[in-house]
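The structure appears right after this line, and notes come after that.
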2 protein chains.
Amino acid sequence: MEGTNVKLQHAKTPAIQDAYWSAYRKLVRETVIPYQWEALNDRVPGAEPSYAIRNFKIAAGLEKGEFGGFVFQDSDLYKWLEAAAYTLAEAPDPELERQADEAVDLIAKAQRPDGYINTYYTIKEPGKRWTNLLDCHELYCAGHLFEAGVAYYEATGKRKLLDVCCRFADHIEKTFGEEEGKLRGYDGHQEIELALLKLYRATGNESYLRLSLYFLNERGREPNFFLDEWERRGRVSHWTGTVSGKPDVSYNQAHRPVREQTAAVGHAVRAVYMYTAMAEAAALTGDETLASACRTLWANMTRKQMYVTGAIGSTHHGEAFTFDYDLPNDTAYAETCASIGLVFFAQRMLRLEPRAEYADVMERALYNTIVGSMALDGKHYFYVNPLEVWPEACERNPGKRHVKPVRQPWFGCSCCPPNVARLLSSLDRYVYTSSGNTAFVHLFIGGETSLPLESGRVGLKMTSDLPRSGDVRFVVTPERANQRFSLALRVPSWCEGRTALRVNGEPVGYSLQDGYAVVTRDWRDGDTVEWTMATPVLLLEAHPSIRADAGKAALQRGPIVYCFEEADNGAPLASLSIRADASWTARYEPELLGGVVVLEGEGMQDAADWAEDAPYRPYRRSAAPAALRAVPYAVWGNRGAGEMAVWMRVATT
Amino acid sequence: MEGTNVKLQHAKTPAIQDAYWSAYRKLVRETVIPYQWEALNDRVPGAEPSYAIRNFKIAAGLEKGEFGGFVFQDSDLYKWLEAAAYTLAEAPDPELERQADEAVDLIAKAQRPDGYINTYYTIKEPGKRWTNLLDCHELYCAGHLFEAGVAYYEATGKRKLLDVCCRFADHIEKTFGEEEGKLRGYDGHQEIELALLKLYRATGNESYLRLSLYFLNERGREPNFFLDEWERRGRVSHWTGTVSGKPDVSYNQAHRPVREQTAAVGHAVRAVYMYTAMAEAAALTGDETLASACRTLWANMTRKQMYVTGAIGSTHHGEAFTFDYDLPNDTAYAETCASIGLVFFAQRMLRLEPRAEYADVMERALYNTIVGSMALDGKHYFYVNPLEVWPEACERNPGKRHVKPVRQPWFGCSCCPPNVARLLSSLDRYVYTSSGNTAFVHLFIGGETSLPLESGRVGLKMTSDLPRSGDVRFVVTPERANQRFSLALRVPSWCEGRTALRVNGEPVGYSLQDGYAVVTRDWRDGDTVEWTMATPVLLLEAHPSIRADAGKAALQRGPIVYCFEEADNGAPLASLSIRADASWTARYEPELLGGVVVLEGEGMQDAADWAEDAPYRPYRRSAAPAALRAVPYAVWGNRGAGEMAVWMRVATT
């Protein structure tokens, strides 16, 4: 393997120091990661066993037993290890590092002599490797291993896991490809594509780049690999063990070559993981057809299939996209992992071409769906993030049974919580990019960074009051005195263009470029930049083709989307409406829900004068003014089960 | 068997002669019944085979082969025979009678020497009779046989099928019961309970009444029969052939004794068939606890779980009720058969105690959901009757895949179309009841009847202009000159109390009694009664707990509920709203949809000024006046696939 180009990309500094985000990251560090380690070791009383560590011990020959859990169970350990690595990159933690090393040793022992690692196939079906790529997640698990290996190397400088990854990647490279004698397949759940690009970036080994491009290029070609594979294995499904119907390969985004895909379809997480790899590959190779496909898919997904909370995936059937403008609020799937994948995709698009639109969406997903998926105690999670909830319907209408009115204990399922952990613990990687001689600020999250520009490195220390206010401050530390470069600050869509920029206390002008305020000057050590964005309360309406939101409006302030809860407004929420002309007061409530800005305004409440013992009567609705209170969507459901709605009817007056 | 009390209850007169209904009955007679006979004989090109006749031939030893179709396939032939019988009762049809006799002969040949009939158990699992009552519909099929046998005897005077029924009923009576050595069970799909009461009424044999009461009384008792049976058969489900989870017996309304049930739960058709039997049993026996349970269940179902179209069943999962006020318009199940069962239940409640409320609901179900289930060509049907449709969502959002935007060929499934046929062909039985010395008119459907009153028989000939206008006329033919009796005319909820009554051209007063206008006098042959009910256009609102209809209103005129279709109003319908203060014009359109009264009025249309390539924007909605047109719900979807909505947003002005 080639290892000479390996470089540590991230310094061990506390990259995030932010009034809002540090609390969530602290939860991850102090609660989520330790708790999950116990869960992976089957030591959480009352929780379903994970089997993950145990599977590795059996595969390593250290224990006897049967494989346990899902076919993709290995990925849970890898995702934990990745999150642990980011946490170690931020601050040393000898006990965590000891646990992580223990996991690394175990993974290394489970690796077969030929480089292959997968505990399911090692323990349960040794002769069946690579026979059911559609269902069985072998390459998906490999991808998560590679992400963990790269992160752990970058965090600790320890090569052991990275070497394990490279041996496995080399084995995969020998197994898959267009060449005679290789398997011309790809995975049912995309992930390895983006992971190989990380491995390429970390090692400089171009065969990993080529292998990732092969997987992307091969996908969806005719004859269809998944359909051929399904025939070869006698049409038997892994999930049922019986003969299955012809797979709908659009679920796996394999219905046509990736460059010819124009709309987001199928399983939402698979889709965004694939788009992420496509965007990064486009940036790495300059492949304009790939970049163009990414732009088309981005536009379809974020302009026609995305909820105002940055959630995606309209149906729980297949955890999938449906079609343009179909965004039901109460039966949404809106999976946490899908929004996390959307953040990955946005980050790669920003690397490809800095445009504020990508960062706007990234911020929307982050501050609303992703943060909202975690309870304030860090121990309960939403996998489904609805925009409207009637708790009794979740329980008693089977079509809404996937929607939960309160967060569930995180160990009940193993997919979203570690994904939140690895995103939040690596949040510093989403704040900035550098391009040429410009330092781009995409998110306003306090902390420190050092960016490589053409003119030399630049240190930036950001202090941000978001989401309480739009006041942000930077201290600039250029590598050289009077270093000339551009600072590009995103102008968020929510500030309605109302911004102010001061350098060292003096107002300065800026040019607007793809949604960024760009100021170019000679910078000196200690220069301060004050960037003020207005945070008006926005009343939003939805595109008229989004039937679910017709006649309704939603509130947003800064990046925060609001919702109405029964706890504040009573029930049924459907009897309330908001006035298009109301003025809303934003007030910080330090004691409420960990400290939030609430919005208060006058709305209307339908008169509760229903004396009839009948479900319908001649229309005589009347409404009276009512005081309404909205709280950030991200903190809904932290006060017990109750109704919740993001979109509220606009009053008939 | 006892047969001495057998009496012909219905005269062979064309009991229905009605401008509106005769057309639908003609469709049944000329199209539905002949077509279905071909289908039952597997002679419809391109249609899935029914197997029904073939199964009987195999069971009768006339052919060799395997059983085909569902375990309850026999009921299709029985339901067809019942509809054929009603049709023959109205007018002779030698060819139809020949086909029916052929079917009767076949059924008789398939009967086992001990009286048992069921082609599935005869052909496929001969030793397994009565081992899976939960899943396998043996008694359900028996019930449909009994309904057919009674109807055919009453229509033709031929006893052969009735005798077959009695032999089977006697066999069932020997098999089931509380007595030692009998099986203490009941069926998973209620039907035999109501059918045995019909058989009792037709034959006078009280053992059939007792058997029906046994089935009702036994149901839901502890220990639960279905759970014990499930254990006995090794927990194997008929449907999957594998071990199944513990059955949720509330699906079968067996979660508690019937008298203790207070809310409509579970599979909607099973529920209403059971309530029908309960109400009839209460009327026959004077059992007040049973009557009281019926009133409670009626109130829950019709006041809290019924759509404005008279549809019931909010979810397609289990074709079931959900819970109070959960009435989603776009994911409704609202099965045609469930509304038919609701009509059965209402009819029995009217026999128990004439109250206009029961007839109001019966009329609502009949004129909207039930008629609406059939296409104007009589060859296409809805099984699901939604109140809001977005065709693309039906196709592309799996949560709505059960909803069809156009009616399907009726032979694709075999349950609802023959049920519509047997209801429409026996419609005369729902129009009147007699009680003591009062003739009650529940529905305003033209035709002739003869009612037995304490004072003697009374002939009534009704002419009705419904639903075009509320003008109804009766010609009275008492058995004796100056026969004194009361005529009770329902005052429908939709006329808002605006009625006028004339006898022989002179205005007369009436007393109001449980929603009926009662006029008591000495009647002479040829007396005419003119009964005029106003048909104002009603704008309806829904109970505030029905979240799905909040801020919305629906139109009704007479018994007809209206809807808005894309064909008249464009799409998306969600961008339209109606004005609470608008006046609506009712206009008869003879050329439209077979001749309907349309409603026209001024509403509002949201401005289509969405230039942004974004799904959300700051609220600036504006609306302009727009001409709106509504058509009867019953004829929606006859102009190709398009959007449809019953409940429309009320304008923000």
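Letters A, B, ... go to the chains of the structure tokens in the order shown; residues in each chain start at 1; ligands are counted from 1 in the same order.
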
message: as a ChimeraX atom specification, please: the residues near range 167-173 of chain B (cut-off 9 Å, only C-alpha atoms, same-chain neighbours under 3 positions excluded).
response: /B:1,111,114-117,139,142,146,162-164,176-177,196,199,207-208,211

message: What are the residues of chain B lining chain A at 7 Å or less? Count only C-alpha atoms, and put the answer as number ranges by chain.
response: B: 303-304, 315, 317, 322-323, 396-398, 538-545, 547, 550, 572, 574-575, 613-619, 651-653

- line: A straight line from CA of Asn132 in chain B to CA of Asp105 in chain B spans 28.3 Å

task: Using only C-alpha atoms, find the one residue out of A:Ala291, A:Asn504, A:Ile16, A:Arg407 that sits nearest to Lys461 in chain A.
output: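 Smallest distance to Lys461 in chain A is found for A:Ile16.
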
task: Find the residues near range 119-124 of chain A: any atom within 12 Å, counting only C-alpha atoms, skip ones fewer than 4 places away on the same chain, and give them as a PyMOL selection string.
output: chain A and resi 51-61+63-75+77+106-113+128-132+136-138+141-142

Those residues with N, CA and C atoms, as a compact mmCIF listing (two decimals), in the first residue's frame please?
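Contents of result21.txt, freshly written:
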```txt
# COMPACT_ATOMS: atom_id res chain seq x y z
N TYR A 51 -24.86 -6.96 20.06
CA TYR A 51 -24.09 -8.05 19.47
C TYR A 51 -22.85 -7.58 18.72
N ALA A 52 -22.67 -6.28 18.54
CA ALA A 52 -21.64 -5.81 17.61
C ALA A 52 -20.24 -6.27 18.03
N ILE A 53 -19.87 -5.98 19.27
CA ILE A 53 -18.53 -6.36 19.74
C ILE A 53 -18.42 -7.88 19.78
N ARG A 54 -19.47 -8.50 20.26
CA ARG A 54 -19.46 -9.96 20.38
C ARG A 54 -19.25 -10.63 19.01
N ASN A 55 -19.91 -10.08 17.98
CA ASN A 55 -19.71 -10.63 16.64
C ASN A 55 -18.23 -10.55 16.24
N PHE A 56 -17.61 -9.43 16.57
CA PHE A 56 -16.18 -9.30 16.22
C PHE A 56 -15.33 -10.30 17.00
N LYS A 57 -15.68 -10.50 18.27
CA LYS A 57 -14.90 -11.46 19.08
C LYS A 57 -15.02 -12.87 18.49
N ILE A 58 -16.22 -13.21 18.05
CA ILE A 58 -16.42 -14.55 17.46
C ILE A 58 -15.64 -14.64 16.14
N ALA A 59 -15.78 -13.59 15.33
CA ALA A 59 -15.08 -13.60 14.03
C ALA A 59 -13.55 -13.65 14.23
N ALA A 60 -13.09 -13.06 15.34
CA ALA A 60 -11.65 -13.03 15.62
C ALA A 60 -11.19 -14.33 16.25
N GLY A 61 -12.12 -15.23 16.55
CA GLY A 61 -11.75 -16.51 17.15
C GLY A 61 -11.57 -16.43 18.65
N GLU A 63 -14.08 -15.88 20.87
CA GLU A 63 -15.24 -16.45 21.55
C GLU A 63 -15.93 -17.40 20.60
N LYS A 64 -16.81 -18.22 21.18
CA LYS A 64 -17.64 -19.08 20.35
C LYS A 64 -19.06 -18.51 20.36
N GLY A 65 -19.81 -18.75 19.32
CA GLY A 65 -21.22 -18.31 19.34
C GLY A 65 -21.77 -18.07 17.96
N GLU A 66 -23.00 -17.63 17.95
CA GLU A 66 -23.70 -17.35 16.70
C GLU A 66 -23.63 -15.86 16.40
N PHE A 67 -23.74 -15.50 15.14
CA PHE A 67 -23.84 -14.10 14.76
C PHE A 67 -25.13 -13.52 15.33
N GLY A 68 -25.09 -12.28 15.79
CA GLY A 68 -26.30 -11.64 16.32
C GLY A 68 -26.56 -10.31 15.64
N GLY A 69 -27.83 -9.93 15.57
CA GLY A 69 -28.19 -8.61 15.03
C GLY A 69 -28.36 -8.63 13.53
N PHE A 70 -28.43 -7.44 12.97
CA PHE A 70 -28.64 -7.29 11.53
C PHE A 70 -27.37 -7.62 10.75
N VAL A 71 -27.56 -7.84 9.47
CA VAL A 71 -26.44 -8.16 8.59
C VAL A 71 -25.43 -7.00 8.53
N PHE A 72 -25.90 -5.81 8.87
CA PHE A 72 -25.00 -4.63 8.82
C PHE A 72 -24.56 -4.20 10.23
N GLN A 73 -24.61 -5.13 11.17
CA GLN A 73 -24.33 -4.77 12.56
C GLN A 73 -22.92 -4.20 12.75
N ASP A 74 -21.95 -4.67 11.97
CA ASP A 74 -20.56 -4.16 12.11
C ASP A 74 -20.49 -2.64 12.02
N SER A 75 -21.36 -2.08 11.20
CA SER A 75 -21.25 -0.63 10.97
C SER A 75 -21.49 0.18 12.25
N LEU A 77 -20.29 -0.44 15.21
CA LEU A 77 -18.99 -0.25 15.88
C LEU A 77 -18.15 0.77 15.12
N LEU A 106 -9.51 -5.44 18.01
CA LEU A 106 -10.49 -6.47 17.74
C LEU A 106 -10.83 -6.54 16.25
N ILE A 107 -11.00 -5.39 15.65
CA ILE A 107 -11.30 -5.34 14.22
C ILE A 107 -10.14 -5.96 13.42
N ALA A 108 -8.92 -5.59 13.82
CA ALA A 108 -7.75 -6.12 13.13
C ALA A 108 -7.68 -7.64 13.24
N LYS A 109 -8.04 -8.16 14.41
CA LYS A 109 -8.02 -9.62 14.59
C LYS A 109 -9.10 -10.31 13.78
N ALA A 110 -10.19 -9.59 13.52
CA ALA A 110 -11.30 -10.19 12.76
C ALA A 110 -11.04 -10.15 11.26
N GLN A 111 -10.02 -9.40 10.85
CA GLN A 111 -9.71 -9.32 9.42
C GLN A 111 -9.17 -10.67 8.94
N ARG A 112 -9.68 -11.14 7.80
CA ARG A 112 -9.21 -12.41 7.24
C ARG A 112 -7.83 -12.20 6.59
N PRO A 113 -7.11 -13.25 6.40
CA PRO A 113 -5.76 -13.09 5.81
C PRO A 113 -5.78 -12.35 4.46
N LYS A 128 -20.36 -17.41 1.22
CA LYS A 128 -21.31 -16.62 0.44
C LYS A 128 -20.94 -15.14 0.24
N ARG A 129 -19.68 -14.82 0.54
CA ARG A 129 -19.26 -13.42 0.31
C ARG A 129 -19.70 -12.90 -1.06
N TRP A 130 -20.13 -11.65 -1.11
CA TRP A 130 -20.42 -10.94 -2.37
C TRP A 130 -21.49 -11.63 -3.22
N THR A 131 -22.37 -12.41 -2.61
CA THR A 131 -23.42 -13.06 -3.42
C THR A 131 -24.75 -12.32 -3.34
N ASN A 132 -24.89 -11.42 -2.36
CA ASN A 132 -26.14 -10.65 -2.28
C ASN A 132 -25.82 -9.22 -1.91
N CYS A 136 -27.23 -7.11 1.41
CA CYS A 136 -26.43 -7.49 2.57
C CYS A 136 -25.35 -6.53 3.05
N HIS A 137 -25.23 -5.34 2.45
CA HIS A 137 -24.46 -4.27 3.06
C HIS A 137 -22.97 -4.57 3.29
N GLU A 138 -22.35 -5.49 2.55
CA GLU A 138 -20.93 -5.76 2.81
C GLU A 138 -20.05 -4.54 2.52
N CYS A 141 -20.71 -1.66 4.99
CA CYS A 141 -19.95 -1.81 6.23
C CYS A 141 -18.47 -1.46 6.01
N ALA A 142 -17.95 -1.89 4.87
CA ALA A 142 -16.56 -1.54 4.54
C ALA A 142 -16.39 -0.02 4.53
```

Can you tell me, as a short mmCIF file (atom, residue, chain, number, x, y, z; two decimals) with all heavy atoms, in the first residue's frame, which residues in range 366-458 of chain B count as strand (DSSP E) by DSSP?
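To be explicit, this is the file written out as states-v6.cif:
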```cif
data_model
loop_
_atom_site.label_atom_id
_atom_site.label_comp_id
_atom_site.auth_asym_id
_atom_site.auth_seq_id
_atom_site.Cartn_x
_atom_site.Cartn_y
_atom_site.Cartn_z
N HIS B 380 -67.47 -0.47 -13.37
CA HIS B 380 -66.26 -0.08 -12.64
C HIS B 380 -66.66 0.35 -11.24
O HIS B 380 -67.69 1.01 -11.07
CB HIS B 380 -65.53 1.05 -13.36
CG HIS B 380 -65.04 0.68 -14.72
ND1 HIS B 380 -65.86 0.68 -15.82
CD2 HIS B 380 -63.82 0.27 -15.15
CE1 HIS B 380 -65.16 0.28 -16.87
NE2 HIS B 380 -63.93 0.03 -16.50
N TYR B 381 -65.81 0.02 -10.28
CA TYR B 381 -66.16 0.23 -8.88
C TYR B 381 -65.02 0.80 -8.06
O TYR B 381 -63.86 0.54 -8.32
CB TYR B 381 -66.56 -1.11 -8.24
CG TYR B 381 -67.91 -1.57 -8.69
CD1 TYR B 381 -68.07 -2.24 -9.90
CD2 TYR B 381 -69.04 -1.29 -7.93
CE1 TYR B 381 -69.32 -2.63 -10.34
CE2 TYR B 381 -70.30 -1.68 -8.37
CZ TYR B 381 -70.43 -2.36 -9.58
OH TYR B 381 -71.67 -2.73 -10.00
N GLU B 388 -60.73 13.02 -0.62
CA GLU B 388 -59.77 13.94 -1.22
C GLU B 388 -58.77 13.11 -2.01
O GLU B 388 -58.26 12.11 -1.48
CB GLU B 388 -59.05 14.73 -0.12
CG GLU B 388 -58.10 15.78 -0.65
CD GLU B 388 -57.47 16.57 0.48
OE1 GLU B 388 -58.18 16.96 1.42
OE2 GLU B 388 -56.24 16.76 0.44
N VAL B 389 -58.54 13.50 -3.23
CA VAL B 389 -57.66 12.70 -4.09
C VAL B 389 -56.70 13.59 -4.86
O VAL B 389 -57.10 14.61 -5.43
CB VAL B 389 -58.48 11.85 -5.07
CG1 VAL B 389 -57.60 11.30 -6.19
CG2 VAL B 389 -59.15 10.69 -4.35
N GLN B 408 -62.26 0.91 -10.67
CA GLN B 408 -61.56 -0.22 -11.26
C GLN B 408 -62.57 -1.21 -11.83
O GLN B 408 -63.70 -1.29 -11.35
CB GLN B 408 -60.72 -0.90 -10.18
CG GLN B 408 -59.79 0.05 -9.42
CD GLN B 408 -58.70 0.61 -10.30
OE1 GLN B 408 -57.92 -0.12 -10.87
NE2 GLN B 408 -58.66 1.93 -10.43
N PRO B 409 -62.15 -2.01 -12.81
CA PRO B 409 -63.06 -3.03 -13.36
C PRO B 409 -63.56 -3.91 -12.21
O PRO B 409 -62.78 -4.35 -11.38
CB PRO B 409 -62.17 -3.83 -14.30
CG PRO B 409 -61.01 -2.95 -14.60
CD PRO B 409 -60.82 -2.07 -13.41
N TYR B 432 -89.54 1.95 3.78
CA TYR B 432 -90.62 2.05 4.77
C TYR B 432 -90.40 1.08 5.92
O TYR B 432 -89.73 0.06 5.77
CB TYR B 432 -91.96 1.64 4.14
CG TYR B 432 -92.32 2.36 2.87
CD1 TYR B 432 -91.99 1.82 1.63
CD2 TYR B 432 -93.03 3.56 2.93
CE1 TYR B 432 -92.32 2.47 0.46
CE2 TYR B 432 -93.38 4.21 1.75
CZ TYR B 432 -93.02 3.66 0.51
OH TYR B 432 -93.36 4.30 -0.64
N THR B 433 -91.03 1.38 7.06
CA THR B 433 -91.33 0.34 8.05
C THR B 433 -92.75 0.63 8.55
O THR B 433 -93.28 1.74 8.38
CB THR B 433 -90.38 0.34 9.27
OG1 THR B 433 -90.49 1.58 9.96
CG2 THR B 433 -88.95 0.06 8.88
N SER B 434 -93.33 -0.39 9.15
CA SER B 434 -94.60 -0.15 9.81
C SER B 434 -94.45 -0.56 11.27
O SER B 434 -93.71 -1.48 11.60
CB SER B 434 -95.70 -0.97 9.14
OG SER B 434 -95.38 -2.34 9.18
N SER B 435 -95.13 0.16 12.12
CA SER B 435 -95.03 -0.10 13.55
C SER B 435 -96.37 0.26 14.16
O SER B 435 -96.83 1.41 14.04
CB SER B 435 -93.90 0.75 14.12
OG SER B 435 -93.88 0.64 15.52
N THR B 438 -98.79 2.84 12.53
CA THR B 438 -98.12 3.94 11.81
C THR B 438 -97.29 3.40 10.64
O THR B 438 -96.55 2.42 10.80
CB THR B 438 -97.19 4.72 12.77
OG1 THR B 438 -97.96 5.17 13.89
CG2 THR B 438 -96.56 5.92 12.07
N ALA B 439 -97.45 4.07 9.50
CA ALA B 439 -96.61 3.76 8.34
C ALA B 439 -95.50 4.80 8.30
O ALA B 439 -95.78 6.00 8.19
CB ALA B 439 -97.44 3.82 7.06
N PHE B 440 -94.27 4.33 8.41
CA PHE B 440 -93.13 5.25 8.41
C PHE B 440 -92.49 5.30 7.03
O PHE B 440 -92.23 4.25 6.42
CB PHE B 440 -92.07 4.78 9.42
CG PHE B 440 -92.45 5.03 10.84
CD1 PHE B 440 -93.16 4.08 11.56
CD2 PHE B 440 -92.10 6.22 11.46
CE1 PHE B 440 -93.50 4.30 12.89
CE2 PHE B 440 -92.43 6.45 12.80
CZ PHE B 440 -93.15 5.49 13.51
N VAL B 441 -92.23 6.52 6.58
CA VAL B 441 -91.49 6.70 5.32
C VAL B 441 -90.12 7.26 5.69
O VAL B 441 -90.00 8.38 6.17
CB VAL B 441 -92.22 7.68 4.37
CG1 VAL B 441 -91.44 7.81 3.07
CG2 VAL B 441 -93.64 7.19 4.12
N GLY B 447 -92.05 4.57 -5.79
CA GLY B 447 -92.41 3.17 -5.98
C GLY B 447 -93.67 2.84 -5.20
O GLY B 447 -94.32 3.73 -4.65
N GLU B 448 -93.95 1.56 -5.18
CA GLU B 448 -95.17 1.12 -4.53
C GLU B 448 -94.88 0.15 -3.41
O GLU B 448 -93.95 -0.65 -3.51
CB GLU B 448 -96.07 0.41 -5.55
CG GLU B 448 -96.82 1.38 -6.43
CD GLU B 448 -97.80 0.64 -7.32
OE1 GLU B 448 -98.86 0.22 -6.81
OE2 GLU B 448 -97.49 0.46 -8.51
N THR B 449 -95.69 0.21 -2.36
CA THR B 449 -95.57 -0.77 -1.29
C THR B 449 -96.93 -1.04 -0.67
O THR B 449 -97.91 -0.32 -0.93
CB THR B 449 -94.58 -0.30 -0.21
OG1 THR B 449 -94.23 -1.42 0.61
CG2 THR B 449 -95.19 0.78 0.66
N SER B 450 -96.94 -2.08 0.11
CA SER B 450 -98.14 -2.39 0.88
C SER B 450 -97.69 -2.74 2.28
O SER B 450 -96.84 -3.62 2.46
CB SER B 450 -98.86 -3.59 0.23
OG SER B 450 -99.83 -4.10 1.11
N LEU B 451 -98.20 -2.00 3.27
CA LEU B 451 -97.69 -2.15 4.64
C LEU B 451 -98.78 -2.69 5.56
O LEU B 451 -99.92 -2.21 5.51
CB LEU B 451 -97.22 -0.79 5.16
CG LEU B 451 -96.06 -0.15 4.40
CD1 LEU B 451 -95.92 1.32 4.81
CD2 LEU B 451 -94.77 -0.90 4.65
N PRO B 452 -98.42 -3.63 6.41
CA PRO B 452 -99.40 -4.15 7.38
C PRO B 452 -99.45 -3.26 8.63
O PRO B 452 -98.45 -3.09 9.30
CB PRO B 452 -98.82 -5.53 7.73
CG PRO B 452 -97.34 -5.36 7.56
CD PRO B 452 -97.11 -4.29 6.54
N LEU B 453 -100.62 -2.68 8.88
CA LEU B 453 -100.80 -1.86 10.09
C LEU B 453 -101.86 -2.50 10.96
O LEU B 453 -102.58 -3.40 10.53
CB LEU B 453 -101.24 -0.43 9.69
CG LEU B 453 -100.31 0.35 8.77
CD1 LEU B 453 -100.86 1.75 8.53
CD2 LEU B 453 -98.91 0.43 9.36
N GLY B 456 -105.11 -2.51 9.44
CA GLY B 456 -105.24 -3.19 8.14
C GLY B 456 -104.11 -2.78 7.22
O GLY B 456 -103.29 -1.93 7.56
N ARG B 457 -104.06 -3.40 6.06
CA ARG B 457 -102.98 -3.07 5.13
C ARG B 457 -103.22 -1.71 4.50
O ARG B 457 -104.36 -1.27 4.34
CB ARG B 457 -102.91 -4.12 4.02
CG ARG B 457 -102.37 -5.47 4.49
CD ARG B 457 -101.88 -6.32 3.32
NE ARG B 457 -100.51 -5.99 2.95
CZ ARG B 457 -99.43 -6.48 3.56
NH1 ARG B 457 -99.54 -7.31 4.57
NH2 ARG B 457 -98.24 -6.14 3.16
N VAL B 458 -102.13 -1.09 4.12
CA VAL B 458 -102.19 0.20 3.44
C VAL B 458 -101.26 0.17 2.24
O VAL B 458 -100.10 -0.23 2.36
CB VAL B 458 -101.78 1.35 4.39
CG1 VAL B 458 -101.61 2.64 3.61
CG2 VAL B 458 -102.81 1.52 5.48
#
```
